Each structure stands twice: as structure tokens, then as C-alpha cells.
There are 2 protein chains.
Amino acid sequence: MSQILVVGTMAFDEIITPFGESGKILGGSASYISLSARKIFNGDIGVVSVIGKDFPNEYLELFEKNNIDTTGVEKMENEKSFYWKGKYHNDLNKRDTLATEVNALAHFEPKVPEKYKKADFLVLGNLHPKIQKSVIEQMDKRPAFIALDTMNYWMDTAWDDLMEVISMIDILIVNDEEARQLTKEYSLVKAAKKIQEMGPEYVIIKKGEHGALLFKNNKIFFAPALPLEDVFDPTGAGDTFAGGFIGQLAKTGIIDFELMKNAVITGANLASFTVEKFGTERLINLQEEEIKERLKDFIHLTQFDIELLDK
Amino acid sequence: MSQILVVGTMAFDEIITPFGESGKILGGSASYISLSARKIFNGDIGVVSVIGKDFPNEYLELFEKNNIDTTGVEKMENEKSFYWKGKYHNDLNKRDTLATEVNALAHFEPKVPEKYKKADFLVLGNLHPKIQKSVIEQMDKRPAFIALDTMNYWMDTAWDDLMEVISMIDILIVNDEEARQLTKEYSLVKAAKKIQEMGPEYVIIKKGEHGALLFKNNKIFFAPALPLEDVFDPTGAGDTFAGGFIGQLAKTGIIDFELMKNAVITGANLASFTVEKFGTERLINLQEEEIKERLKDFIHLTQFDIELLDK
């Protein structure tokens, strides 16, 4: 059975949408990615992250209850946890950051527990590219598959480090804006080609409510976002997508473009739940039966009968 | 065999993109819709439109060569043809209108030729809703399927007329911005529901490079736009989509949601060609074999193997 190691943030988010305010709740890339992967993958999942003295025990217990190994989560007793506060615009497509307190994250030096140094699937959430690289270097063997998320900020401030870590991975998962900034290409097809030239064999470009594209060489697969009557809170949708994606891949244990199509659909499936409530709430309470039902929605939404079309 | 009647503009377009200038070329909704439908549908296609004295014979011959009946195209000897000049922004997602000369279109009173008064499929391109309604009223029998396009301008200036004609049709084909203005709903799922309450059983919401959604009651189908390395000129993509859509529907002659999925894919297929060159150039020279090849691209892009996903 494969092993998944997730490296990223565990944090407080405080979210304001036109529909309400969340108060301080569980956030962070590692939280969403691991909880999402757990919905799909029954094997071993470990998290490497950093938290402050204020991180509630009930959050840690939530991960343990979900059989997510938090041995690699370092608690800094003299620091507070990373905190982000943001307010979404009325259409939920834009948000303003109201506060960012880096706190413990400023001193984060990830230490991969022995148990996870042979993990097959490594997911590197958005962090300084040097930190992402240090995780790869701690592994006993090169993981079968390394996925990496990043953001515009590192393109502006740590370009060379970013290029180095991108050259070491199998898939880059970014949004359309990030792909464009990274490559100076407006066309996402051209952007994906340039990213592949930087190293990764696969590229996923997320387009938010417009879905996600998977690229490998000249092959492209597209998964739409499920059209919803209401999006309540988009926070964490991208990380939920990444978690579902890696969970499905690890479940089959095979790295293959055709199988990866299913992983992209699975990511979109889980992300469609996350946006229904604040933070991780919907994800945490999500039942297997609901995921199966929603998969049917995705099938009806995208599959057509080519036999009928030829007639 | 079914009959398609297309009512809309035949005009001059002058298009400026970051890649060049088209000069004065053939444009207009009826041009794109009929030429696109012809690529799919072998039966009878007629056009009702208006042109001025300056409309080149070679354009009319082009339609005749494509076996598109122009009996219903009125030539006003004292007027010039409708003319539009526009310039696209660098990303091709926005455009500025540099000139609009309504000319002959200002006096357009469509007269449906006897031969087409029993047409099964009626496509009403973007025109004043009163004019669209007058066409429906000229028909000897209510067509099996009436498709209608409109735009924000009529929502601002002719709301009651627009509501009246929308109540008479089977499908409204609009873009996302238009759907939102028409319904005051941001969610496209909610917008489509409200539009269905206005009359049409089906709704298509086009999202440009992000694809198109088909709605009927609680059923949704999504066709992506084909991701392209280069979009050269988006002009006419929406009308090409509508033409391919109606062509595929008329080909089967059956109005059914599942079959309509194929029609949406066919529309997206043809639109993906139109944007490759200026105006109708690519569409005109398009070969059946190319459409079939591109259909394979759409299949690879969207179809996944659910059997594999369940394992």
C-alpha cells in the first residue's frame, strides 16, 4: 500500500463572505490536502507542518480521528499559529487579505519523520521553495510522485529557488494566473508546455469555477467545476482538489495519464463539497455515499455518447 | 428531412487583433450560423437577412455555393450594409467597438419566404426582439424548435418585447454576462432556472474560452472550449457554436436532452475552428475530416473511464 506525505501549513483562517463570518477556524494547505486525500485513500497519510502554542488540541485530535499521522507536526511553544483573515467580494471570485500573521511559519524547518522518508506520494503545499526542496532532500528514496503547489509571491521573491524545486517534481499544480505569471504566456496550452520544459512531466492548471486542466506532452484533459446554485466559501477548494487528486492516484498506485483523468475528476468532486460551507466543515463530515452520488453528477455533466453523435 | 431557417445579420466586420487587421470582411450572425450549420446538416437551410447595395456578389455566391438559400435576403438599393469595427485587447477576452453603422439593418423587416414557413428549426440571431417575434408570427406552423440569441442592449432598451419573445421559444442561447443581467443572478445555475421560468425549456449559457453549459430542469451538461495554443480572432465563435448546435439537432431531428449534449459538443467543435482565422475564413474551408479529428480531441479532453475510477 502506498504512503502519502503532505507538507504544508496548519493554521487559523478567518473568513468573511457575503453570507457570513467564520470566526477563527481550522485552515492551512496541509489540513485541506490531508483531510481530502483521506476521503479517497485508505492507506497511510502523514503530515509535516508547524503550529503555535494556540493551536487547539481538538484540531490535532481531528486529524488523529481521521487516521492522519501528525508526528511530523512541530509545535512551537513560543509562537502563535499562522493566521490569515480575508474577505471575499460579492461574486466570491476575488478576495482581499485583511490580515496575515506568519508567526510560527517564519521558523518552519520541516523534519520528515523516519516513517515517511520512503513515502511514495509527496505533496508539497505552497511554502518557500527552499523549504519545499529541503523536504525532497530528506527523503530516503525519491518518491514515485511529487506534486507541488506554489504562488505568485515566490515568483516575485524567490525565482531561482522556485525554478530549482520545480525541476525536481512530477507535477506542478497552480492556478491560471500563476501559470501565466510563471511562463509569461497567456495561452494555458503554451504555459503548460513551458512548465513541462522546466521539469515536471505533468501540469495541472486550476481555473476556479471554470474547472481544471491536466497536461502531459500534447495530451490534455479537462474537469469542470460542478455548477452550483450557491458557493458559500471558496477557501481551500484548490487544496481540497489537490488532496482528492493525490488520494485517487495513491489509491491506484499507478502513475498514468488515463488514470490521472479520474484523479482530476475526484479532486473536482471533493472541491465541490468544500465550497458549500466554511473551511473544512463540509469536508470533515463528508460521507462516501455523497462522493459517489456526486460522481454521477460529474458523469452526467461531462459524458456524452459518441455513438449517437456519429449517426 | 428537417429544414433550418436562420434569421440574423449579414454584414461587414473589420477586426483588429494583436495579430493583425482583417480589413472589411464578411460578418453577421446569419452568416456564421448558416455556414456553420451547413458543415453538419445536409438538408435545406434558408437565411432571412438584409444587406445593402455594397454587399459583394461574391459573398452571396459563397452562400449559394454552400447550398444556403438566400431568397429571404433583402437587398436595399439605397442603403449600405451593416458595418462593425472592433479591436480586441491583448488577451482577446475583451474588445472595444470602434465603429457601428447600422445602415440597412435599421429598416429590416424580415419576410420569411413561403418555402421556409414550415421550417422545423428556427434560429433567431441577435436582433430587436420585436423583429424576432415578427418572424415567429410569419410561420405557417409553430417550428418544432426555436432558438434565440439576444444581448444586453435589448435588456436595457426593449425589456418587455424581449420578455415576450423569450416566452415563445424553446432555447435561449446567451453568454454568462447576458444571463446574469437578464436574471440578476450571479450563479449560472440559478440564472438558468430563472430563464426557464421565462419560457424556454432549454438554456445554453456560453462562457467563451471556458466552454458552454446546457440546462434543462435540473439537468446540466458542460462542453469545454478546446484549449488552443493560439486564438487568432474570437469574432463569430458564439454564432458558429449556435450553427453547429442547430445543425447537429436538425441532423437527428429529435429534441432530446441526451442528443442535445452531442449538439453542444458539435457547436464547441466548430467554434474551435472559427477562432483560428479571421472571420468566416476557417469555417468556409473546413473539411469534414477535420471536424471528425477534432471530435476525437474533445473525447480525449472530456471522457474518462468510470470503471477504472470505481476500482
# chains A, B, ... in the order shown; residues from 1 in each chain; ligands from 1
$ interface_residues --of "chain A" --to "chain B" --cutoff "6 Å" --atoms "only C-alpha atoms" --output "ChimeraX atom specification"
/A:187,189-190,220-222,229,262,301-303,309
$ write_last_selection --atoms "N, CA, C and O atoms" --output "short mmCIF file (atom, residue, chain, number, x, y, z; two decimals), in the first residue's frame"
data_model
loop_
_atom_site.label_atom_id
_atom_site.label_comp_id
_atom_site.auth_asym_id
_atom_site.auth_seq_id
_atom_site.Cartn_x
_atom_site.Cartn_y
_atom_site.Cartn_z
N SER A 187 -1.80 31.98 -23.23
CA SER A 187 -2.42 30.69 -23.58
C SER A 187 -2.02 29.63 -22.56
O SER A 187 -0.82 29.39 -22.33
N VAL A 189 -2.30 26.50 -22.85
CA VAL A 189 -1.65 25.38 -23.55
C VAL A 189 -0.16 25.66 -23.67
O VAL A 189 0.68 24.79 -23.39
N LYS A 190 0.16 26.89 -24.06
CA LYS A 190 1.58 27.26 -24.16
C LYS A 190 2.23 27.30 -22.79
O LYS A 190 3.38 26.88 -22.62
N ILE A 220 -4.30 16.59 -23.24
CA ILE A 220 -4.99 17.50 -22.31
C ILE A 220 -6.27 16.84 -21.84
O ILE A 220 -7.00 16.23 -22.62
N PHE A 221 -6.54 16.95 -20.55
CA PHE A 221 -7.83 16.52 -20.00
C PHE A 221 -8.41 17.69 -19.21
O PHE A 221 -7.69 18.43 -18.54
N PHE A 222 -9.71 17.79 -19.28
CA PHE A 222 -10.38 18.90 -18.60
C PHE A 222 -11.47 18.39 -17.67
O PHE A 222 -12.31 17.59 -18.08
N GLU A 229 -25.62 25.96 -7.33
CA GLU A 229 -26.54 27.09 -7.10
C GLU A 229 -25.87 28.14 -6.22
O GLU A 229 -25.98 29.33 -6.47
N ASN A 262 -9.12 10.32 -13.88
CA ASN A 262 -10.02 10.02 -12.78
C ASN A 262 -9.63 10.78 -11.52
O ASN A 262 -10.48 11.20 -10.73
N LEU A 301 -22.72 15.45 -16.27
CA LEU A 301 -22.29 16.77 -16.70
C LEU A 301 -21.33 16.73 -17.90
O LEU A 301 -21.32 17.66 -18.71
N THR A 302 -20.55 15.66 -18.00
CA THR A 302 -19.45 15.69 -18.97
C THR A 302 -19.47 14.58 -20.02
O THR A 302 -18.85 14.74 -21.07
N GLN A 303 -20.12 13.47 -19.73
CA GLN A 303 -20.01 12.33 -20.64
C GLN A 303 -21.11 12.38 -21.69
O GLN A 303 -22.26 12.67 -21.38
N LEU A 309 -23.61 10.42 -31.71
CA LEU A 309 -23.17 11.58 -32.47
C LEU A 309 -22.79 11.20 -33.90
O LEU A 309 -22.94 11.99 -34.83
#
$ select_by_dssp --residues "stretch 107-149 of chain A" --states "alpha helix (DSSP H)" --output "count of residues only"
10
$ select_by_dssp --residues "stretch 107-298 of chain B" --states "strand (DSSP E or B)" --output "MDAnalysis selection string"
chainID B and resid 121:124 145:149 171:175 202:206 212:216 219:223
$ closest_atom_pairs --of "stretch 74-189 of chain A" --to "stretch 27-51 of chain A" --cutoff "10 Å" --atoms "only C-alpha atoms" --output "Markdown table"
| residue | atom | partner | partner_atom | distance |
| --- | --- | --- | --- | --- |
| A:Glu74 | CA | A:Val50 | CA | 4.7 |
| A:Lys75 | CA | A:Ile51 | CA | 4.9 |
| A:Met76 | CA | A:Ile51 | CA | 6.2 |
| A:Glu77 | CA | A:Ile51 | CA | 8.8 |
| A:Glu79 | CA | A:Ile51 | CA | 8.0 |
| A:Lys80 | CA | A:Ile51 | CA | 7.1 |
| A:Ser81 | CA | A:Ile51 | CA | 4.9 |
| A:Phe82 | CA | A:Ile51 | CA | 7.2 |
| A:Tyr83 | CA | A:Gly27 | CA | 8.6 |
| A:Trp84 | CA | A:Gly27 | CA | 8.6 |
| A:Asn103 | CA | A:Ile51 | CA | 8.9 |
| A:Ala104 | CA | A:Ile51 | CA | 6.2 |
| A:Leu105 | CA | A:Val50 | CA | 6.4 |
| A:Ala106 | CA | A:Val50 | CA | 9.7 |
| A:His107 | CA | A:Val50 | CA | 8.7 |
| A:Phe108 | CA | A:Val50 | CA | 6.2 |
| A:Glu109 | CA | A:Val50 | CA | 8.4 |
| A:Pro110 | CA | A:Val48 | CA | 6.4 |
| A:Lys111 | CA | A:Val48 | CA | 7.1 |
| A:Val112 | CA | A:Val48 | CA | 6.5 |
| A:Pro113 | CA | A:Val48 | CA | 8.2 |
| A:Lys115 | CA | A:Gly46 | CA | 8.9 |
| A:Tyr116 | CA | A:Gly46 | CA | 7.0 |
| A:Ala119 | CA | A:Asp44 | CA | 9.1 |
| A:Phe121 | CA | A:Ile45 | CA | 9.5 |
| A:Leu122 | CA | A:Gly46 | CA | 9.8 |
| A:Val123 | CA | A:Ile33 | CA | 8.3 |
| A:Leu124 | CA | A:Ala30 | CA | 8.6 |
| A:Gly125 | CA | A:Ser29 | CA | 5.9 |
| A:Asn126 | CA | A:Ser29 | CA | 7.2 |
| A:Leu127 | CA | A:Ser29 | CA | 9.5 |
| A:Val135 | CA | A:Val48 | CA | 9.3 |
| A:Asp149 | CA | A:Ser29 | CA | 9.5 |
$ write_last_selection --atoms "C-alpha atoms" --output "compact mmCIF listing (two decimals), in the first residue's frame"
# COMPACT_ATOMS: atom_id res chain seq x y z
CA GLU A 74 6.05 20.61 15.17
CA LYS A 75 4.54 22.70 17.95
CA MET A 76 6.43 25.92 18.74
CA GLU A 77 5.67 26.84 22.32
CA GLU A 79 4.94 31.21 18.80
CA LYS A 80 1.39 31.56 17.65
CA SER A 81 0.00 29.68 14.68
CA PHE A 82 -0.13 31.14 11.19
CA TYR A 83 -3.24 33.29 10.85
CA TRP A 84 -4.98 34.63 7.75
CA ASN A 103 4.03 33.62 13.32
CA ALA A 104 5.39 30.06 13.73
CA LEU A 105 5.61 29.56 9.97
CA ALA A 106 8.51 32.04 9.83
CA HIS A 107 10.68 29.48 11.62
CA PHE A 108 9.39 26.38 9.88
CA GLU A 109 12.12 23.83 9.19
CA PRO A 110 10.21 20.72 8.20
CA LYS A 111 11.53 17.46 9.60
CA VAL A 112 10.25 14.38 7.83
CA PRO A 113 9.62 11.57 10.36
CA LYS A 115 8.34 6.55 9.00
CA TYR A 116 7.58 8.77 6.00
CA ALA A 119 6.63 7.75 1.09
CA PHE A 121 3.44 10.19 -2.87
CA LEU A 122 4.74 13.53 -1.69
CA VAL A 123 2.58 16.66 -1.79
CA LEU A 124 4.33 19.94 -1.19
CA GLY A 125 1.80 22.63 -0.34
CA ASN A 126 2.52 26.28 -1.01
CA LEU A 127 5.65 27.22 1.01
CA VAL A 135 11.72 18.08 2.18
CA ASP A 149 1.82 23.91 -5.34
$ residues_around --residues "stretch 166-169 of chain B" --least-positions-apart "2" --cutoff "9 Å" --atoms "only C-alpha atoms" --output "PyMOL selection string"
chain B and resi 129+133+136+145-148+161-164+171-172+195+197-201
$ atom_distance --atom1 "atom CA of B:Asp170" --atom2 "atom CA of B:Ile255"
10.0 Å
$ residues_around --residues "B:Lys141" --least-positions-apart "6" --cutoff "9 Å" --atoms "only C-alpha atoms" --output "list in words"
Lys117, Lys118, Ala119 and Asp120 of chain B
$ atom_distance --atom1 "atom CA of B:Asn285" --atom2 "atom CA of B:Gly86"
24.0 Å
$ decode --residues "stretch 60-182 of chain B" --atoms "C-alpha atoms" --output "short mmCIF file (atom, residue, chain, number, x, y, z; two decimals), in the first residue's frame"
data_model
loop_
_atom_site.label_atom_id
_atom_site.label_comp_id
_atom_site.auth_asym_id
_atom_site.auth_seq_id
_atom_site.Cartn_x
_atom_site.Cartn_y
_atom_site.Cartn_z
CA LEU B 60 -23.91 35.91 -51.87
CA GLU B 61 -22.33 33.38 -54.21
CA LEU B 62 -20.49 31.90 -51.26
CA PHE B 63 -23.81 31.08 -49.61
CA GLU B 64 -25.25 29.71 -52.84
CA LYS B 65 -22.13 27.59 -53.34
CA ASN B 66 -22.75 26.20 -49.85
CA ASN B 67 -26.34 25.47 -50.84
CA ILE B 68 -27.70 28.06 -48.41
CA ASP B 69 -30.90 29.58 -49.78
CA THR B 70 -30.69 33.41 -49.84
CA THR B 71 -34.19 34.04 -51.25
CA GLY B 72 -35.02 35.65 -47.92
CA VAL B 73 -32.09 38.07 -48.07
CA GLU B 74 -33.42 41.52 -48.95
CA LYS B 75 -31.12 43.90 -50.76
CA MET B 76 -31.77 47.60 -50.04
CA GLU B 77 -30.50 49.55 -53.01
CA ASN B 78 -30.45 52.86 -51.15
CA GLU B 79 -28.61 51.62 -48.10
CA LYS B 80 -25.24 50.29 -47.15
CA SER B 81 -24.77 47.03 -45.29
CA PHE B 82 -24.42 46.84 -41.53
CA TYR B 83 -20.81 47.53 -40.58
CA TRP B 84 -18.96 46.85 -37.34
CA LYS B 85 -15.37 47.61 -36.49
CA GLY B 86 -13.78 46.39 -33.32
CA LYS B 87 -10.43 45.99 -31.68
CA TYR B 88 -9.57 43.16 -29.30
CA HIS B 89 -7.40 43.58 -26.23
CA ASN B 90 -4.19 41.63 -25.96
CA ASP B 91 -5.78 38.67 -24.18
CA LEU B 92 -8.65 38.59 -26.75
CA ASN B 93 -11.17 38.39 -23.92
CA LYS B 94 -12.28 41.98 -24.27
CA ARG B 95 -12.94 44.14 -27.28
CA ASP B 96 -13.74 47.77 -27.94
CA THR B 97 -16.21 48.75 -30.62
CA LEU B 98 -14.57 51.37 -32.83
CA ALA B 99 -17.50 51.87 -35.19
CA THR B 100 -21.04 50.63 -35.69
CA GLU B 101 -23.03 51.68 -38.76
CA VAL B 102 -26.49 50.18 -38.61
CA ASN B 103 -27.35 51.20 -42.20
CA ALA B 104 -29.78 48.79 -43.90
CA LEU B 105 -30.42 46.93 -40.64
CA ALA B 106 -32.33 49.96 -39.31
CA HIS B 107 -35.08 49.21 -41.81
CA PHE B 108 -35.04 45.43 -41.57
CA GLU B 109 -38.49 43.88 -41.77
CA PRO B 110 -37.82 40.21 -42.26
CA LYS B 111 -40.04 38.42 -44.74
CA VAL B 112 -40.00 34.66 -44.45
CA PRO B 113 -40.14 33.06 -47.93
CA GLU B 114 -43.11 30.69 -48.45
CA LYS B 115 -40.71 27.79 -48.78
CA TYR B 116 -39.47 28.24 -45.20
CA LYS B 117 -42.73 28.97 -43.42
CA LYS B 118 -42.92 25.34 -42.31
CA ALA B 119 -39.27 25.10 -41.19
CA ASP B 120 -38.75 22.75 -38.26
CA PHE B 121 -35.75 24.54 -36.82
CA LEU B 122 -35.77 28.30 -36.47
CA VAL B 123 -32.71 30.20 -35.28
CA LEU B 124 -33.22 33.83 -34.39
CA GLY B 125 -29.89 35.64 -34.26
CA ASN B 126 -29.40 38.73 -32.14
CA LEU B 127 -31.90 41.38 -33.40
CA HIS B 128 -34.56 43.62 -31.88
CA PRO B 129 -36.93 41.26 -30.02
CA LYS B 130 -39.88 42.72 -31.94
CA ILE B 131 -38.25 41.67 -35.20
CA GLN B 132 -37.54 38.22 -33.78
CA LYS B 133 -41.18 37.93 -32.76
CA SER B 134 -42.43 39.00 -36.20
CA VAL B 135 -40.56 36.05 -37.72
CA ILE B 136 -42.20 33.53 -35.40
CA GLU B 137 -45.60 35.04 -36.29
CA GLN B 138 -44.96 34.64 -40.01
CA MET B 139 -44.51 30.88 -39.72
CA ASP B 140 -47.37 28.69 -41.02
CA LYS B 141 -46.88 26.32 -38.13
CA ARG B 142 -45.01 26.66 -34.90
CA PRO B 143 -41.48 25.27 -35.58
CA ALA B 144 -40.50 22.14 -33.67
CA PHE B 145 -37.62 24.07 -32.16
CA ILE B 146 -36.94 27.79 -31.86
CA ALA B 147 -33.52 29.00 -30.72
CA LEU B 148 -32.90 32.64 -29.85
CA ASP B 149 -29.85 34.74 -29.19
CA THR B 150 -30.01 38.21 -27.68
CA MET B 151 -27.75 40.71 -25.96
CA ASN B 152 -27.54 43.19 -23.09
CA TYR B 153 -28.59 46.09 -25.34
CA TRP B 154 -32.15 44.73 -25.69
CA MET B 155 -32.36 44.14 -21.94
CA ASP B 156 -31.62 47.83 -21.47
CA THR B 157 -33.85 49.19 -24.22
CA ALA B 158 -36.63 46.70 -25.03
CA TRP B 159 -37.24 44.65 -21.89
CA ASP B 160 -40.95 43.95 -22.40
CA ASP B 161 -40.51 42.95 -26.04
CA LEU B 162 -37.63 40.72 -25.05
CA MET B 163 -39.66 39.01 -22.32
CA GLU B 164 -42.44 38.41 -24.83
CA VAL B 165 -40.28 36.74 -27.45
CA ILE B 166 -38.37 34.74 -24.82
CA SER B 167 -41.71 33.32 -23.69
CA MET B 168 -42.25 31.96 -27.22
CA ILE B 169 -39.02 29.99 -27.74
CA ASP B 170 -37.51 26.60 -26.88
CA ILE B 171 -33.95 27.57 -26.12
CA LEU B 172 -32.21 30.79 -25.20
CA ILE B 173 -28.54 30.93 -26.13
CA VAL B 174 -26.70 33.71 -24.28
CA ASN B 175 -23.34 34.31 -22.70
CA ASP B 176 -22.70 34.35 -18.95
CA GLU B 177 -22.76 38.12 -18.66
CA GLU B 178 -26.07 38.30 -20.53
CA ALA B 179 -27.61 35.52 -18.44
CA ARG B 180 -26.61 37.39 -15.29
CA GLN B 181 -28.03 40.70 -16.47
CA LEU B 182 -31.24 39.02 -17.63
#
